[in-house]
>>> print(open('structure-v6.csv').read())   # CSV, C-alpha atoms and all ligand atoms
chain,number,residue,atom,x,y,z
A,1,MET,CA,108.7,80.8,56.2
A,2,SER,CA,112.0,81.3,58.0
A,3,VAL,CA,112.3,83.6,61.0
A,4,LEU,CA,114.1,86.8,60.3
A,5,SER,CA,117.5,86.5,61.8
A,6,ASP,CA,118.9,89.6,60.0
A,7,HIS,CA,116.6,91.8,62.1
A,8,PRO,CA,118.6,94.3,64.3
A,9,VAL,CA,117.4,93.1,67.7
A,10,ARG,CA,115.8,89.8,66.8
A,11,PRO,CA,117.6,86.6,67.9
A,12,ASP,CA,117.5,83.5,65.8
A,13,TYR,CA,114.2,82.2,67.1
A,14,SER,CA,114.5,78.9,65.3
A,15,ALA,CA,117.1,78.0,68.0
A,16,LEU,CA,115.0,78.9,71.0
A,17,ARG,CA,112.2,77.2,72.9
A,18,VAL,CA,109.4,79.6,73.5
A,19,GLY,CA,106.9,79.0,76.4
A,20,VAL,CA,103.6,80.7,75.8
A,21,LEU,CA,102.3,81.2,79.3
A,22,TYR,CA,98.6,81.6,79.3
A,23,GLY,CA,95.4,80.6,81.2
A,24,GLY,CA,95.8,80.8,84.9
A,25,ASP,CA,93.0,81.3,87.5
A,26,SER,CA,92.2,84.9,86.7
A,27,PRO,CA,88.6,85.8,85.9
A,28,GLU,CA,90.1,86.8,82.5
A,29,ARG,CA,91.1,83.2,81.8
A,30,ALA,CA,88.9,82.8,78.8
A,31,GLY,CA,90.4,85.8,76.9
A,32,SER,CA,93.9,84.5,77.9
A,33,ILE,CA,93.3,81.1,76.3
A,34,VAL,CA,92.4,82.9,73.0
A,35,SER,CA,95.5,85.0,73.3
A,36,GLY,CA,97.8,82.1,74.1
A,37,GLU,CA,96.5,79.7,71.5
A,38,ALA,CA,96.6,82.3,68.7
A,39,ALA,CA,100.1,83.6,69.6
A,40,SER,CA,101.5,80.0,69.9
A,41,LYS,CA,100.1,79.2,66.4
A,42,ALA,CA,101.5,82.4,64.9
A,43,LEU,CA,104.9,81.4,66.2
A,44,SER,CA,104.7,77.8,65.1
A,45,VAL,CA,103.7,78.7,61.5
A,46,GLN,CA,106.8,80.9,61.4
A,47,GLY,CA,109.1,78.0,62.4
A,48,VAL,CA,109.4,78.9,66.1
A,49,ARG,CA,109.2,76.1,68.6
A,50,ALA,CA,106.4,77.3,70.8
A,51,GLU,CA,104.9,75.4,73.8
A,52,LEU,CA,101.6,76.4,75.2
A,53,ILE,CA,101.9,76.3,79.0
A,54,ASP,CA,98.8,76.8,81.3
A,55,LEU,CA,99.6,78.7,84.4
A,56,THR,CA,97.0,76.9,86.4
A,57,GLY,CA,98.8,74.6,88.9
A,58,LEU,CA,102.1,75.2,87.1
A,59,ASP,CA,105.3,74.8,89.2
A,60,LEU,CA,107.1,77.8,87.7
A,61,ALA,CA,110.5,76.6,88.8
A,62,ALA,CA,110.0,73.6,86.5
A,63,LEU,CA,110.3,76.0,83.5
A,64,SER,CA,114.0,76.2,84.0
A,65,GLY,CA,115.6,74.1,81.3
A,66,ARG,CA,112.2,73.6,79.6
A,67,ILE,CA,112.0,77.0,77.9
A,68,ASP,CA,114.4,79.7,76.9
A,69,VAL,CA,112.0,82.6,76.8
A,70,ALA,CA,108.4,83.2,78.0
A,71,LEU,CA,105.8,84.9,75.9
A,72,LEU,CA,103.3,86.2,78.4
A,73,ALA,CA,99.6,85.8,77.3
A,74,ALA,CA,97.8,85.7,80.7
A,75,HIS,CA,95.6,88.6,81.5
A,76,GLY,CA,94.5,89.9,84.9
A,77,LEU,CA,95.6,88.9,88.3
A,78,GLY,CA,98.2,86.2,88.4
A,79,GLY,CA,99.5,86.9,84.9
A,80,GLU,CA,99.6,90.6,84.4
A,81,ASP,CA,100.2,91.8,87.9
A,82,GLY,CA,104.0,91.2,88.2
A,83,LYS,CA,104.0,88.0,90.2
A,84,VAL,CA,104.8,85.7,87.2
A,85,GLN,CA,107.2,88.3,86.0
A,86,GLY,CA,109.0,88.3,89.4
A,87,ALA,CA,109.3,84.5,89.4
A,88,LEU,CA,110.7,84.5,85.9
A,89,ASP,CA,113.2,87.2,87.0
A,90,LEU,CA,114.4,84.9,89.8
A,91,LEU,CA,114.6,81.9,87.4
A,92,GLY,CA,116.6,84.0,84.9
A,93,ILE,CA,114.1,83.3,82.1
A,94,PRO,CA,113.6,86.3,79.8
A,95,TYR,CA,109.9,87.2,79.2
A,96,THR,CA,107.9,89.6,77.1
A,97,GLY,CA,106.6,93.0,78.1
A,98,SER,CA,106.8,94.8,81.4
A,99,GLY,CA,108.8,94.0,84.5
A,100,VAL,CA,107.4,93.6,88.1
A,101,LEU,CA,106.9,97.2,89.1
A,102,ALA,CA,105.2,98.4,85.9
A,103,SER,CA,103.0,95.2,85.8
A,104,ALA,CA,101.9,95.7,89.4
A,105,THR,CA,101.2,99.4,88.8
A,106,GLY,CA,99.3,98.8,85.6
A,107,MET,CA,97.2,96.1,87.3
A,108,HIS,CA,96.2,98.5,90.1
A,109,LYS,CA,93.8,101.1,88.6
A,110,VAL,CA,94.0,103.4,91.7
A,111,ARG,CA,97.8,103.5,91.8
A,112,PHE,CA,97.8,104.0,88.1
A,113,LYS,CA,95.3,106.9,88.3
A,114,GLU,CA,97.2,108.5,91.1
A,115,LEU,CA,100.3,108.4,89.0
A,116,MET,CA,98.5,109.9,86.0
A,117,GLN,CA,96.9,112.6,88.0
A,118,SER,CA,100.2,113.6,89.5
A,119,ASN,CA,101.4,113.9,85.9
A,120,LEU,CA,98.5,116.1,84.9
A,121,VAL,CA,96.9,113.4,82.8
A,122,ASP,CA,93.1,113.6,82.8
A,123,THR,CA,91.4,110.6,84.4
A,124,PRO,CA,87.9,110.3,85.7
A,125,SER,CA,87.5,111.6,89.3
A,126,TRP,CA,87.2,108.6,91.7
A,127,VAL,CA,86.7,107.3,95.2
A,128,ASP,CA,88.7,104.3,96.3
A,129,ILE,CA,86.3,102.1,98.2
A,130,SER,CA,88.0,100.6,101.2
A,131,PRO,CA,87.1,96.9,101.7
A,132,SER,CA,86.4,97.7,105.3
A,133,TRP,CA,83.7,100.2,104.5
A,134,SER,CA,80.0,99.3,104.8
A,135,ILE,CA,77.9,99.6,101.7
A,136,ASP,CA,76.2,102.6,103.3
A,137,THR,CA,79.6,104.4,103.8
A,138,ALA,CA,80.6,103.6,100.2
A,139,ILE,CA,77.3,105.0,98.9
A,140,SER,CA,77.4,108.2,101.0
A,141,THR,CA,81.1,108.9,100.2
A,142,ALA,CA,80.6,108.4,96.5
A,143,SER,CA,77.3,110.3,96.3
A,144,MET,CA,78.8,113.3,98.2
A,145,SER,CA,82.2,113.5,96.4
A,146,LEU,CA,81.1,112.5,92.9
A,147,GLY,CA,77.4,112.7,92.4
A,148,TYR,CA,75.4,110.5,89.8
A,149,PRO,CA,75.7,108.8,87.5
A,150,LEU,CA,78.7,106.7,88.7
A,151,PHE,CA,80.8,103.9,87.4
A,152,LEU,CA,81.9,101.0,89.6
A,153,LYS,CA,84.8,98.7,88.7
A,154,PRO,CA,87.3,96.4,90.5
A,155,VAL,CA,90.7,98.0,91.3
A,156,SER,CA,92.5,95.0,89.8
A,157,GLY,CA,90.0,93.8,87.3
A,158,GLY,CA,89.8,93.8,83.6
A,159,GLY,CA,87.7,92.7,80.6
A,160,SER,CA,84.9,95.0,82.0
A,161,LEU,CA,84.1,92.2,84.4
A,162,ALA,CA,82.2,93.2,87.6
A,163,ALA,CA,81.9,96.8,86.3
A,164,GLY,CA,78.7,98.8,85.9
A,165,ILE,CA,76.8,102.1,85.8
A,166,ALA,CA,74.8,103.4,88.8
A,167,ARG,CA,72.3,106.2,88.0
A,168,ASP,CA,71.2,106.6,91.7
A,169,SER,CA,71.9,105.2,95.1
A,170,THR,CA,69.6,102.3,94.7
A,171,GLU,CA,71.5,101.1,91.6
A,172,LEU,CA,74.8,101.7,93.4
A,173,ARG,CA,73.6,99.6,96.3
A,174,ASP,CA,72.7,96.8,93.9
A,175,LEU,CA,76.1,97.0,92.2
A,176,LEU,CA,78.0,97.1,95.5
A,177,SER,CA,76.0,94.1,96.8
A,178,GLN,CA,76.8,92.1,93.7
A,179,ALA,CA,80.4,93.2,93.9
A,180,ARG,CA,80.7,91.5,97.3
A,181,GLU,CA,80.0,88.1,95.6
A,182,ARG,CA,82.9,88.6,93.1
A,183,PRO,CA,86.5,87.5,93.6
A,184,TYR,CA,87.9,91.0,93.8
A,185,ASP,CA,89.4,92.6,96.9
A,186,GLY,CA,88.8,96.2,96.1
A,187,TYR,CA,86.6,98.5,94.0
A,188,LEU,CA,86.8,102.1,92.9
A,189,ILE,CA,83.9,104.3,91.9
A,190,GLU,CA,84.4,106.9,89.2
A,191,GLU,CA,82.4,109.8,87.9
A,192,TYR,CA,80.5,108.5,84.8
A,193,VAL,CA,82.0,110.0,81.7
A,194,PRO,CA,79.8,109.6,78.6
A,195,GLY,CA,81.7,108.9,75.4
A,196,THR,CA,83.3,106.6,73.0
A,197,PRO,CA,85.8,104.0,74.2
A,198,CYS,CA,89.1,104.4,72.5
A,199,SER,CA,92.4,102.6,72.8
A,200,VAL,CA,96.0,103.2,71.8
A,201,GLY,CA,98.6,100.4,71.4
A,202,VAL,CA,102.2,101.0,72.2
A,203,LEU,CA,104.6,98.6,70.6
A,204,GLU,CA,108.4,98.5,70.5
A,205,THR,CA,109.8,98.0,67.1
A,206,GLU,CA,113.6,97.5,66.5
A,207,GLY,CA,114.2,98.8,70.0
A,208,GLU,CA,112.1,101.9,69.6
A,209,LEU,CA,108.7,102.7,71.1
A,210,HIS,CA,105.9,103.6,68.7
A,211,THR,CA,102.2,104.1,69.1
A,212,LEU,CA,99.6,102.4,66.8
A,213,PRO,CA,96.6,104.1,65.2
A,214,VAL,CA,93.7,104.9,67.6
A,215,HIS,CA,91.0,102.3,67.8
A,216,SER,CA,87.4,103.3,68.7
A,217,VAL,CA,84.3,101.3,69.5
A,218,GLU,CA,80.7,102.1,69.3
A,219,THR,CA,78.2,99.8,71.1
A,220,ASP,CA,74.5,99.9,71.8
A,221,ARG,CA,75.1,98.3,75.2
A,222,PRO,CA,75.1,100.7,78.2
A,223,PHE,CA,78.9,100.7,78.0
A,224,TYR,CA,81.7,98.6,76.5
A,225,ASP,CA,80.9,95.6,78.7
A,226,TYR,CA,82.0,92.0,78.7
A,227,GLU,CA,79.4,91.0,76.2
A,228,ALA,CA,80.3,93.7,73.7
A,229,LYS,CA,84.0,92.8,74.1
A,230,HIS,CA,83.2,89.2,73.2
A,231,ASP,CA,80.5,89.5,70.6
A,232,LEU,CA,81.4,91.2,67.3
A,233,ALA,CA,77.7,91.7,66.6
A,234,LEU,CA,77.4,94.0,69.6
A,235,ARG,CA,80.1,96.5,68.6
A,236,ARG,CA,81.3,98.5,65.7
A,237,GLU,CA,85.0,99.2,65.5
A,238,GLN,CA,86.9,101.9,63.7
A,239,CYS,CA,90.7,101.9,63.3
A,240,PRO,CA,92.1,104.4,62.6
A,241,ALA,CA,89.3,106.1,64.6
A,242,LEU,CA,87.4,108.8,62.7
A,243,ILE,CA,88.7,111.7,64.9
A,244,PRO,CA,90.6,114.9,64.1
A,245,ASP,CA,94.3,114.4,63.6
A,246,LEU,CA,95.1,116.6,66.5
A,247,MET,CA,93.1,114.5,68.9
A,248,SER,CA,94.6,111.3,67.6
A,249,THR,CA,98.1,112.8,68.1
A,250,ARG,CA,97.2,113.8,71.6
A,251,LEU,CA,95.9,110.4,72.5
A,252,ARG,CA,99.0,108.7,71.1
A,253,GLN,CA,101.2,111.1,73.1
A,254,LEU,CA,99.3,110.4,76.3
A,255,ALA,CA,99.5,106.7,75.8
A,256,LEU,CA,103.2,106.9,75.4
A,257,ARG,CA,103.4,109.1,78.5
A,258,ALA,CA,101.5,106.5,80.5
A,259,HIS,CA,103.6,103.7,79.2
A,260,ARG,CA,106.8,105.5,80.0
A,261,ARG,CA,105.6,106.8,83.4
A,262,ILE,CA,104.9,103.4,84.8
A,263,GLY,CA,108.1,102.1,83.3
A,264,ALA,CA,106.3,99.6,81.0
A,265,HIS,CA,108.3,97.7,78.5
A,266,GLY,CA,107.8,96.7,74.9
A,267,VAL,CA,104.0,96.5,74.6
A,268,SER,CA,100.9,98.0,76.2
A,269,ARG,CA,97.4,99.3,75.4
A,270,VAL,CA,96.0,102.4,77.0
A,271,ASP,CA,92.3,102.9,77.2
A,272,PHE,CA,90.5,106.3,77.0
A,273,LEU,CA,87.0,107.7,76.7
A,274,LEU,CA,86.3,110.3,74.1
A,275,SER,CA,83.6,112.6,75.6
A,276,PRO,CA,81.4,114.7,73.3
A,277,ASP,CA,82.7,117.8,75.2
A,278,GLY,CA,86.2,117.1,73.9
A,279,ARG,CA,87.5,115.7,77.1
A,280,THR,CA,89.6,112.5,76.7
A,281,PRO,CA,90.1,111.0,80.1
A,282,MET,CA,92.5,108.0,80.4
A,283,LEU,CA,90.9,104.9,82.0
A,284,GLU,CA,93.8,102.4,82.4
A,285,ILE,CA,96.8,100.7,80.9
A,286,ASN,CA,97.0,97.1,80.0
A,287,THR,CA,100.5,95.7,80.2
A,288,VAL,CA,99.5,92.3,78.8
A,289,PRO,CA,97.1,93.4,76.1
A,290,GLY,CA,94.9,90.7,74.4
A,291,LEU,CA,96.6,89.0,71.6
A,292,SER,CA,93.6,87.6,69.7
A,293,PRO,CA,94.0,88.1,66.0
A,294,SER,CA,90.6,89.9,66.0
A,295,GLY,CA,91.4,91.9,69.2
A,296,ASN,CA,92.1,95.6,69.6
A,297,LEU,CA,95.9,95.3,69.5
A,298,ALA,CA,96.0,93.2,66.4
A,299,THR,CA,93.5,95.5,64.7
A,300,MET,CA,95.6,98.5,65.5
A,301,ALA,CA,98.7,96.7,64.3
A,302,ALA,CA,97.0,95.8,61.0
A,303,ALA,CA,96.0,99.4,60.5
A,304,ALA,CA,99.7,100.3,60.9
A,305,GLY,CA,100.6,97.6,58.2
A,306,ILE,CA,101.9,95.0,60.7
A,307,PRO,CA,100.4,91.6,60.0
A,308,TYR,CA,99.4,89.4,63.0
A,309,GLU,CA,102.4,87.0,62.8
A,310,GLU,CA,104.8,89.9,62.7
A,311,LEU,CA,103.0,91.5,65.7
A,312,ILE,CA,103.6,88.3,67.7
A,313,LEU,CA,107.3,88.3,66.7
A,314,ARG,CA,107.6,91.9,67.8
A,315,VAL,CA,106.0,91.1,71.1
A,316,LEU,CA,108.5,88.2,71.5
A,317,ASP,CA,111.4,90.6,70.6
A,318,THR,CA,110.5,92.7,73.7
A,319,ALA,CA,111.8,89.8,75.9
A,320,PHE,CA,115.3,90.5,74.6
A,321,THR,CA,115.3,94.3,74.8
A,322,LYS,CA,114.5,94.8,78.5
A,323,PRO,CA,117.2,96.4,80.5
A,324,ALA,CA,119.2,94.0,82.7
A,325,TYR,CA,117.6,95.3,85.8
A,326,VAL,CA,113.9,96.2,85.8
A,327,PRO,CA,112.4,97.2,89.1
B,401,LIG,N1,84.3,106.4,84.4
B,401,LIG,C1,83.7,105.8,83.4
B,401,LIG,N2,82.6,106.3,82.8
B,401,LIG,C2,81.9,105.7,81.8
B,401,LIG,N3,82.2,104.5,81.3
B,401,LIG,C3,83.3,103.9,81.9
B,401,LIG,C4,84.1,104.5,82.9
B,401,LIG,N4,85.1,103.6,83.2
B,401,LIG,C5,85.0,102.6,82.4
B,401,LIG,N5,83.9,102.7,81.6
B,401,LIG,C6,83.4,101.7,80.6
B,401,LIG,O1,83.9,100.4,80.9
B,401,LIG,C7,84.8,100.0,79.9
B,401,LIG,C8,86.0,99.3,80.6
B,401,LIG,O2,86.7,100.1,81.5
B,401,LIG,P1,88.2,100.0,81.8
B,401,LIG,O3,88.5,101.1,82.8
B,401,LIG,O4,89.0,100.0,80.5
B,401,LIG,O5,88.3,98.6,82.5
B,401,LIG,P2,88.7,97.2,82.0
B,401,LIG,O6,90.0,96.9,82.7
B,401,LIG,O7,87.6,96.3,82.6
B,401,LIG,O8,88.8,97.2,80.6
B,401,LIG,C9,85.2,101.2,79.2
B,401,LIG,O9,85.6,101.0,77.8
B,401,LIG,C10,83.9,102.1,79.2
B,401,LIG,O10,83.0,101.6,78.3
B,402,MG,MG,90.0,98.5,79.5
>>> encode(input="structure-v6.csv", output="structure tokens")
Amino acid sequence: MSVLSDHPVRPDYSALRVGVLYGGDSPERAGSIVSGEAASKALSVQGVRAELIDLTGLDLAALSGRIDVALLAAHGLGGEDGKVQGALDLLGIPYTGSGVLASATGMHKVRFKELMQSNLVDTPSWVDISPSWSIDTAISTASMSLGYPLFLKPVSGGGSLAAGIARDSTELRDLLSQARERPYDGYLIEEYVPGTPCSVGVLETEGELHTLPVHSVETDRPFYDYEAKHDLALRREQCPALIPDLMSTRLRQLALRAHRRIGAHGVSRVDFLLSPDGRTPMLEINTVPGLSPSGNLATMAAAAGIPYEELILRVLDTAFTKPAYVP
């Protein structure tokens, strides 16, 4: 199958060398390998020269002259946080998705929530746990300002890693003690919001931003944790989500607002909770969403009639539609 070169924004990819940057040292490495391998294969079967390049130990400067464009498929710290993006900017290599500032903002849940709150977007109330605080200080501050149950998560984490529910101060103490053993610098504690996890993909198509149908997940696990994210038997997905049209429209508008407000580019996925009381707090934005063919973004794209191979081409297109200067 030949690559569409009559597409309004799409370059002739058969003439370009695409480096699929994946892996790296982030705790989300495993998911990133799935994303990278699948994206690379989707490009190859469409006649695009794609090279899988693991970020672990990579001398980024050596990419000059080796690739013409980078498709970013590394999730979490070191791939999604703006550092690789900045290096590629300096090297003059175009790359998919967001620039430095939006990537860094999206990776930092507290900065992101502050920005959303100042834009009147509902997000769970939270306490930012300073790394210098003792466990006792963290417990008393969170108990006083939020009450129980609570939800602990890393400020710059992902994949539900090192996250958990605390129903009382004993459980919070356990979670905070375990958190100290993990490779994250900072944690936040949120009010626990009961509800269904939902996600909205944002994808640029022919230079215009569109949202994808809402994706919802039910799980019997206490929350949408790492295990539920990696084992299809532990979750039931619905896309489009079975929610009223008005709610779906609202979630899609909010996702677009978050994407635009942080200055994201091309592709993102915004996570929400759908509470039984009708509240729909926004949890976070992912500026390098998972690219697995069975992942949320691909499922949402399929629901919008976009096959996986075309989704990957659209993600690649975003490398060529970024404004010349992205902060
Ligand atoms: N405040 C909260 N209350 C209840 N559950 C939460 C809360 N925050 C996160 N969760 C649960 O954890 C999952 C992952 O949270 P999220 O903020 O999207 O972090 P990650 O970056 O790890 O995906 C959510 O889908 C939800 O199941
Ligand atoms: Mg999430």
>>> residues_near_ligand(input="structure-v6.csv", ligand="ligand LIG 401 (chain B)", cutoff="9 Å", atoms="all atoms listed in the file", output="PyMOL selection string")
chain A and resi 76+107+109+123-126+149-165+189-199+217+219+222-226+270-273+281-286
>>> closest_residue(input="structure-v6.csv", among="A:Pro183, A:Pro131, A:Gly57, A:Gly106", to="ligand MG 402 (chain B)", atoms="only C-alpha atoms and all ligand atoms")
A:Gly106
>>> residues_around(input="structure-v6.csv", residues="stretch 77-88 of chain A", least_positions_apart="4", cutoff="9 Å", atoms="all atoms listed in the file", output="JSON list (two decimals) with C-alpha atoms, in the coordinates of the input")
[["chain", "number", "residue", "atom", "x", "y", "z"],
["A", 21, "LEU", "CA", 102.30, 81.20, 79.30],
["A", 22, "TYR", "CA", 98.60, 81.60, 79.30],
["A", 23, "GLY", "CA", 95.40, 80.60, 81.20],
["A", 24, "GLY", "CA", 95.80, 80.80, 84.90],
["A", 25, "ASP", "CA", 93.00, 81.30, 87.50],
["A", 26, "SER", "CA", 92.20, 84.90, 86.70],
["A", 27, "PRO", "CA", 88.60, 85.80, 85.90],
["A", 28, "GLU", "CA", 90.10, 86.80, 82.50],
["A", 55, "LEU", "CA", 99.60, 78.70, 84.40],
["A", 60, "LEU", "CA", 107.10, 77.80, 87.70],
["A", 61, "ALA", "CA", 110.50, 76.60, 88.80],
["A", 63, "LEU", "CA", 110.30, 76.00, 83.50],
["A", 70, "ALA", "CA", 108.40, 83.20, 78.00],
["A", 72, "LEU", "CA", 103.30, 86.20, 78.40],
["A", 73, "ALA", "CA", 99.60, 85.80, 77.30],
["A", 92, "GLY", "CA", 116.60, 84.00, 84.90],
["A", 93, "ILE", "CA", 114.10, 83.30, 82.10],
["A", 94, "PRO", "CA", 113.60, 86.30, 79.80],
["A", 95, "TYR", "CA", 109.90, 87.20, 79.20],
["A", 98, "SER", "CA", 106.80, 94.80, 81.40],
["A", 99, "GLY", "CA", 108.80, 94.00, 84.50],
["A", 100, "VAL", "CA", 107.40, 93.60, 88.10],
["A", 101, "LEU", "CA", 106.90, 97.20, 89.10],
["A", 102, "ALA", "CA", 105.20, 98.40, 85.90],
["A", 103, "SER", "CA", 103.00, 95.20, 85.80],
["A", 104, "ALA", "CA", 101.90, 95.70, 89.40],
["A", 105, "THR", "CA", 101.20, 99.40, 88.80],
["A", 106, "GLY", "CA", 99.30, 98.80, 85.60],
["A", 107, "MET", "CA", 97.20, 96.10, 87.30],
["A", 108, "HIS", "CA", 96.20, 98.50, 90.10],
["A", 156, "SER", "CA", 92.50, 95.00, 89.80],
["A", 157, "GLY", "CA", 90.00, 93.80, 87.30],
["A", 158, "GLY", "CA", 89.80, 93.80, 83.60],
["A", 286, "ASN", "CA", 97.00, 97.10, 80.00],
["A", 287, "THR", "CA", 100.50, 95.70, 80.20],
["A", 288, "VAL", "CA", 99.50, 92.30, 78.80]]
>>> closest_residue(input="structure-v6.csv", among="A:Val200, A:Leu16, A:Pro323, A:Val315", to="ligand MG 402 (chain B)", atoms="only C-alpha atoms and all ligand atoms")
A:Val200
>>> closest_residue(input="structure-v6.csv", among="A:Gly266, A:Leu242, A:Asp231, A:Gly201", to="ligand MG 402 (chain B)", atoms="only C-alpha atoms and all ligand atoms")
A:Gly201
>>> residues_near_point(input="structure-v6.csv", point="(89.3, 104.9, 99.1)", cutoff="10 Å", atoms="all atoms listed in the file", output="PyMOL selection string")
chain A and resi 110+126-133+138+141-142+186-189
>>> atom_distance(input="structure-v6.csv", atom1="atom CA of A:Arg250", atom2="atom CA of A:Asp122")
11.9 Å
>>> closest_residue(input="structure-v6.csv", among="A:Arg252, A:Arg66, A:Arg257, A:His75", to="ligand MG 402 (chain B)", atoms="all atoms listed in the file")
A:His75
>>> atom_distance(input="structure-v6.csv", atom1="atom CA of A:Val326", atom2="atom CA of A:His265")
9.3 Å
>>> atom_distance(input="structure-v6.csv", atom1="atom CA of A:Ala304", atom2="atom CA of A:Ala42")
18.4 Å
>>> closest_residue(input="structure-v6.csv", among="A:Asp317, A:Asp59, A:Asp245, A:Glu309", to="A:Ala38", atoms="all atoms listed in the file")
A:Glu309
>>> residues_near_point(input="structure-v6.csv", point="(74.9, 96.1, 67.9)", cutoff="6 Å", atoms="only C-alpha atoms", output="MDAnalysis selection string")
chainID A and resid 219:220 233:235
